[in-house]
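Asks: Just so it is clear, I am handing over target14.pdb, which has PDB, C-alpha atoms, pLDDT in the B column.
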ATOM      1  CA  MET A   1     -14.618 -22.962  15.539  1.00 52.00           C
ATOM      2  CA  ASN A   2     -12.745 -21.510  18.454  1.00 51.00           C
ATOM      3  CA  THR A   3     -14.809 -18.944  20.332  1.00 56.00           C
ATOM      4  CA  CYS A   4     -12.504 -18.208  23.257  1.00 56.00           C
ATOM      5  CA  SER A   5     -11.513 -14.600  23.885  1.00 59.00           C
ATOM      6  CA  LYS A   6      -7.795 -15.196  24.361  1.00 68.00           C
ATOM      7  CA  SER A   7      -5.342 -15.667  21.539  1.00 66.00           C
ATOM      8  CA  LEU A   8      -3.966 -19.114  20.824  1.00 68.00           C
ATOM      9  CA  HIS A   9      -0.727 -20.188  19.249  1.00 77.00           C
ATOM     10  CA  GLY A  10      -1.291 -21.323  15.710  1.00 81.00           C
ATOM     11  CA  ILE A  11       0.223 -24.425  14.243  1.00 81.00           C
ATOM     12  CA  ALA A  12       2.143 -24.805  11.011  1.00 82.00           C
ATOM     13  CA  LYS A  13      -0.534 -27.098   9.596  1.00 87.00           C
ATOM     14  CA  PHE A  14      -3.031 -24.199   9.296  1.00 89.00           C
ATOM     15  CA  ILE A  15      -1.320 -21.254   7.643  1.00 87.00           C
ATOM     16  CA  ALA A  16      -2.360 -18.401   5.378  1.00 87.00           C
ATOM     17  CA  ARG A  17      -0.252 -15.763   3.698  1.00 85.00           C
ATOM     18  CA  TYR A  18      -1.453 -12.187   3.402  1.00 84.00           C
ATOM     19  CA  LYS A  19       0.669  -9.265   2.189  1.00 84.00           C
ATOM     20  CA  ASP A  20       3.878 -11.277   2.589  1.00 87.00           C
ATOM     21  CA  VAL A  21       3.095 -12.222   6.184  1.00 86.00           C
ATOM     22  CA  ILE A  22       2.468 -15.826   7.190  1.00 88.00           C
ATOM     23  CA  TYR A  23      -0.272 -16.349   9.741  1.00 87.00           C
ATOM     24  CA  ARG A  24      -0.640 -19.558  11.744  1.00 90.00           C
ATOM     25  CA  PHE A  25      -4.058 -20.586  13.026  1.00 89.00           C
ATOM     26  CA  ALA A  26      -5.277 -22.949  15.715  1.00 88.00           C
ATOM     27  CA  SER A  27      -7.786 -24.551  13.352  1.00 89.00           C
ATOM     28  CA  VAL A  28      -8.621 -24.859   9.680  1.00 90.00           C
ATOM     29  CA  GLU A  29     -11.953 -23.125  10.366  1.00 90.00           C
ATOM     30  CA  ASN A  30     -10.197 -20.026  11.692  1.00 88.00           C
ATOM     31  CA  ARG A  31      -7.852 -19.965   8.713  1.00 88.00           C
ATOM     32  CA  ASP A  32     -10.741 -20.295   6.305  1.00 89.00           C
ATOM     33  CA  LEU A  33     -12.557 -17.382   7.958  1.00 88.00           C
ATOM     34  CA  LEU A  34      -9.613 -15.155   7.091  1.00 85.00           C
ATOM     35  CA  ASN A  35      -9.596 -16.401   3.498  1.00 84.00           C
ATOM     36  CA  ILE A  36     -13.346 -15.805   3.126  1.00 84.00           C
ATOM     37  CA  ASN A  37     -13.061 -12.274   4.506  1.00 84.00           C
ATOM     38  CA  LEU A  38     -10.144 -11.476   2.190  1.00 84.00           C
ATOM     39  CA  ASP A  39     -12.117 -12.742  -0.812  1.00 84.00           C
ATOM     40  CA  VAL A  40     -15.096 -10.544   0.101  1.00 83.00           C
ATOM     41  CA  ASP A  41     -12.854  -7.530   0.633  1.00 85.00           C
ATOM     42  CA  LYS A  42     -11.112  -8.101  -2.700  1.00 87.00           C
ATOM     43  CA  ALA A  43     -14.424  -8.477  -4.558  1.00 86.00           C
ATOM     44  CA  TRP A  44     -15.799  -5.295  -2.988  1.00 86.00           C
ATOM     45  CA  THR A  45     -12.603  -3.311  -3.580  1.00 89.00           C
ATOM     46  CA  GLU A  46     -12.460  -4.264  -7.260  1.00 91.00           C
ATOM     47  CA  LYS A  47     -15.919  -2.751  -7.759  1.00 90.00           C
ATOM     48  CA  ILE A  48     -15.561   0.483  -5.765  1.00 91.00           C
ATOM     49  CA  PRO A  49     -16.403   2.751  -8.741  1.00 92.00           C
ATOM     50  CA  LYS A  50     -19.569   0.710  -9.379  1.00 91.00           C
ATOM     51  CA  HIS A  51     -20.554   0.922  -5.703  1.00 88.00           C
ATOM     52  CA  ILE A  52     -20.033   4.689  -5.677  1.00 91.00           C
ATOM     53  CA  LEU A  53     -22.243   5.120  -8.750  1.00 93.00           C
ATOM     54  CA  GLU A  54     -24.959   2.989  -7.166  1.00 90.00           C
ATOM     55  CA  ALA A  55     -24.774   4.914  -3.901  1.00 89.00           C
ATOM     56  CA  ASN A  56     -24.914   8.263  -5.687  1.00 90.00           C
ATOM     57  CA  SER A  57     -27.956   7.189  -7.693  1.00 91.00           C
ATOM     58  CA  GLU A  58     -29.828   6.238  -4.509  1.00 87.00           C
ATOM     59  CA  TRP A  59     -28.644   9.092  -2.298  1.00 86.00           C
ATOM     60  CA  HIS A  60     -31.584  11.343  -3.200  1.00 83.00           C
ATOM     61  CA  MET A  61     -33.961   8.828  -1.584  1.00 83.00           C
ATOM     62  CA  VAL A  62     -32.287   8.997   1.833  1.00 81.00           C
ATOM     63  CA  GLU A  63     -30.610  12.383   1.866  1.00 81.00           C
ATOM     64  CA  GLU A  64     -33.414  14.188   3.720  1.00 85.00           C
ATOM     65  CA  VAL A  65     -34.660  11.237   5.803  1.00 85.00           C
ATOM     66  CA  ASN A  66     -34.164  11.453   9.554  1.00 86.00           C
ATOM     67  CA  ALA A  67     -31.571   8.915  10.702  1.00 84.00           C
ATOM     68  CA  ASN A  68     -34.095   7.397  13.138  1.00 87.00           C
ATOM     69  CA  LYS A  69     -36.283   6.408  10.177  1.00 82.00           C
ATOM     70  CA  LEU A  70     -33.580   4.635   8.194  1.00 75.00           C
TER
END
Represent the structure contained in this file as structure tokens.

Replies:
Amino acid sequence: MNTCSKSLHGIAKFIARYKDVIYRFASVENRDLLNINLDVDKAWTEKIPKHILEANSEWHMVEEVNANKL
């Protein structure tokens, strides 16, 4: 995996499409990181109502707790 802080030009061999935009990556690992993150985001987004219900049911346990103790 590329860990440099500057951007690199991607190559056509490693592409991903997201919202009608084609992204080119320098490596297959970098491309796959995007795909993994999109899958996680999609899974979370599809269950937002469930997450809100869960958060609301647990809110009473943390509502009055000082932030330093969380």

Asks: On this file, the PyMOL selection byres ((chain A and resi 16) around 10) gives some set of residues; write that set as an MDAnalysis selection string.

Replies: chainID A and resid 12:15 17:18 20:25 28 31:32 34:35

Asks: Between atom CA of Ile11 of chain A and atom CA of Lys42 of chain A, measure the distance and give it in Å to one decimal.

Replies: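 Atom CA of Lys42 of chain A lies at a distance of 26.1 Å from atom CA of Ile11 of chain A.
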
Asks: Counting only C-alpha atoms, which residue out of A:Thr45, A:Asn30, A:Asn56, A:Asn68 sits closest to Gly10 of chain A?

Replies: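 Closest to Gly10 of chain A, using only C-alpha atoms: A:Asn30.
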
Asks: Could you state the separation of atom CA of Glu63 of chain A and atom CA of Asp41 of chain A in Å, given to one decimal place?

Replies: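 Between atom CA of Glu63 of chain A and atom CA of Asp41 of chain A the gap works out to 26.7 Å.
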
Asks: In Å, how far is it from atom CA of Val62 of chain A to atom CA of Ala43 of chain A?

Replies: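 Separation of atom CA of Val62 of chain A and atom CA of Ala43 of chain A: 25.8 Å.
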
Asks: Reconstruct N, CA, C and O atoms of segment 18-39 of chain A; output as a PDB file, in the coordinates of the input.

Replies:
ATOM      1  N   TYR A  18      -0.781 -13.414   3.802  1.00 84.00           N
ATOM      2  CA  TYR A  18      -1.453 -12.187   3.402  1.00 84.00           C
ATOM      3  C   TYR A  18      -0.450 -11.054   3.446  1.00 84.00           C
ATOM      4  O   TYR A  18       0.173 -10.810   4.477  1.00 84.00           O
ATOM      5  N   LYS A  19      -0.285 -10.378   2.312  1.00 84.00           N
ATOM      6  CA  LYS A  19       0.669  -9.265   2.189  1.00 84.00           C
ATOM      7  C   LYS A  19       2.051  -9.649   2.722  1.00 84.00           C
ATOM      8  O   LYS A  19       2.637  -8.956   3.545  1.00 84.00           O
ATOM      9  N   ASP A  20       2.544 -10.774   2.248  1.00 87.00           N
ATOM     10  CA  ASP A  20       3.878 -11.277   2.589  1.00 87.00           C
ATOM     11  C   ASP A  20       4.079 -11.602   4.061  1.00 87.00           C
ATOM     12  O   ASP A  20       5.212 -11.652   4.550  1.00 87.00           O
ATOM     13  N   VAL A  21       3.007 -11.794   4.794  1.00 86.00           N
ATOM     14  CA  VAL A  21       3.095 -12.222   6.184  1.00 86.00           C
ATOM     15  C   VAL A  21       2.420 -13.586   6.288  1.00 86.00           C
ATOM     16  O   VAL A  21       1.360 -13.805   5.720  1.00 86.00           O
ATOM     17  N   ILE A  22       3.041 -14.500   6.997  1.00 88.00           N
ATOM     18  CA  ILE A  22       2.468 -15.826   7.190  1.00 88.00           C
ATOM     19  C   ILE A  22       1.774 -15.861   8.547  1.00 88.00           C
ATOM     20  O   ILE A  22       2.369 -15.516   9.570  1.00 88.00           O
ATOM     21  N   TYR A  23       0.520 -16.236   8.519  1.00 87.00           N
ATOM     22  CA  TYR A  23      -0.272 -16.349   9.741  1.00 87.00           C
ATOM     23  C   TYR A  23      -0.508 -17.823  10.039  1.00 87.00           C
ATOM     24  O   TYR A  23      -0.819 -18.601   9.141  1.00 87.00           O
ATOM     25  N   ARG A  24      -0.374 -18.191  11.296  1.00 90.00           N
ATOM     26  CA  ARG A  24      -0.640 -19.558  11.744  1.00 90.00           C
ATOM     27  C   ARG A  24      -1.906 -19.543  12.589  1.00 90.00           C
ATOM     28  O   ARG A  24      -2.082 -18.689  13.437  1.00 90.00           O
ATOM     29  N   PHE A  25      -2.771 -20.521  12.352  1.00 89.00           N
ATOM     30  CA  PHE A  25      -4.058 -20.586  13.026  1.00 89.00           C
ATOM     31  C   PHE A  25      -4.177 -21.849  13.855  1.00 89.00           C
ATOM     32  O   PHE A  25      -3.518 -22.849  13.592  1.00 89.00           O
ATOM     33  N   ALA A  26      -5.049 -21.805  14.842  1.00 88.00           N
ATOM     34  CA  ALA A  26      -5.277 -22.949  15.715  1.00 88.00           C
ATOM     35  C   ALA A  26      -6.156 -24.001  15.055  1.00 88.00           C
ATOM     36  O   ALA A  26      -6.165 -25.155  15.465  1.00 88.00           O
ATOM     37  N   SER A  27      -6.906 -23.586  14.027  1.00 89.00           N
ATOM     38  CA  SER A  27      -7.786 -24.551  13.352  1.00 89.00           C
ATOM     39  C   SER A  27      -7.961 -24.158  11.887  1.00 89.00           C
ATOM     40  O   SER A  27      -7.759 -23.002  11.504  1.00 89.00           O
ATOM     41  N   VAL A  28      -8.362 -25.118  11.094  1.00 90.00           N
ATOM     42  CA  VAL A  28      -8.621 -24.859   9.680  1.00 90.00           C
ATOM     43  C   VAL A  28      -9.823 -23.917   9.524  1.00 90.00           C
ATOM     44  O   VAL A  28      -9.861 -23.089   8.617  1.00 90.00           O
ATOM     45  N   GLU A  29     -10.780 -24.004  10.433  1.00 90.00           N
ATOM     46  CA  GLU A  29     -11.953 -23.125  10.366  1.00 90.00           C
ATOM     47  C   GLU A  29     -11.551 -21.657  10.530  1.00 90.00           C
ATOM     48  O   GLU A  29     -12.032 -20.788   9.810  1.00 90.00           O
ATOM     49  N   ASN A  30     -10.658 -21.403  11.487  1.00 88.00           N
ATOM     50  CA  ASN A  30     -10.197 -20.026  11.692  1.00 88.00           C
ATOM     51  C   ASN A  30      -9.425 -19.519  10.477  1.00 88.00           C
ATOM     52  O   ASN A  30      -9.582 -18.371  10.067  1.00 88.00           O
ATOM     53  N   ARG A  31      -8.595 -20.361   9.913  1.00 88.00           N
ATOM     54  CA  ARG A  31      -7.852 -19.965   8.713  1.00 88.00           C
ATOM     55  C   ARG A  31      -8.800 -19.658   7.570  1.00 88.00           C
ATOM     56  O   ARG A  31      -8.656 -18.660   6.872  1.00 88.00           O
ATOM     57  N   ASP A  32      -9.806 -20.497   7.398  1.00 89.00           N
ATOM     58  CA  ASP A  32     -10.741 -20.295   6.305  1.00 89.00           C
ATOM     59  C   ASP A  32     -11.583 -19.033   6.485  1.00 89.00           C
ATOM     60  O   ASP A  32     -11.976 -18.400   5.506  1.00 89.00           O
ATOM     61  N   LEU A  33     -11.847 -18.641   7.717  1.00 88.00           N
ATOM     62  CA  LEU A  33     -12.557 -17.382   7.958  1.00 88.00           C
ATOM     63  C   LEU A  33     -11.754 -16.201   7.425  1.00 88.00           C
ATOM     64  O   LEU A  33     -12.313 -15.279   6.825  1.00 88.00           O
ATOM     65  N   LEU A  34     -10.452 -16.218   7.630  1.00 85.00           N
ATOM     66  CA  LEU A  34      -9.613 -15.155   7.091  1.00 85.00           C
ATOM     67  C   LEU A  34      -9.690 -15.159   5.573  1.00 85.00           C
ATOM     68  O   LEU A  34      -9.880 -14.121   4.958  1.00 85.00           O
ATOM     69  N   ASN A  35      -9.565 -16.319   4.954  1.00 84.00           N
ATOM     70  CA  ASN A  35      -9.596 -16.401   3.498  1.00 84.00           C
ATOM     71  C   ASN A  35     -10.924 -15.910   2.935  1.00 84.00           C
ATOM     72  O   ASN A  35     -10.957 -15.207   1.929  1.00 84.00           O
ATOM     73  N   ILE A  36     -12.028 -16.258   3.578  1.00 84.00           N
ATOM     74  CA  ILE A  36     -13.346 -15.805   3.126  1.00 84.00           C
ATOM     75  C   ILE A  36     -13.431 -14.289   3.213  1.00 84.00           C
ATOM     76  O   ILE A  36     -13.875 -13.621   2.283  1.00 84.00           O
ATOM     77  N   ASN A  37     -12.998 -13.722   4.335  1.00 84.00           N
ATOM     78  CA  ASN A  37     -13.061 -12.274   4.506  1.00 84.00           C
ATOM     79  C   ASN A  37     -12.175 -11.547   3.497  1.00 84.00           C
ATOM     80  O   ASN A  37     -12.535 -10.486   3.000  1.00 84.00           O
ATOM     81  N   LEU A  38     -11.016 -12.096   3.176  1.00 84.00           N
ATOM     82  CA  LEU A  38     -10.144 -11.476   2.190  1.00 84.00           C
ATOM     83  C   LEU A  38     -10.763 -11.525   0.808  1.00 84.00           C
ATOM     84  O   LEU A  38     -10.652 -10.574   0.034  1.00 84.00           O
ATOM     85  N   ASP A  39     -11.453 -12.625   0.486  1.00 84.00           N
ATOM     86  CA  ASP A  39     -12.117 -12.742  -0.812  1.00 84.00           C
ATOM     87  C   ASP A  39     -13.231 -11.708  -0.942  1.00 84.00           C
ATOM     88  O   ASP A  39     -13.393 -11.083  -1.986  1.00 84.00           O
TER      89      ASP A  39
END
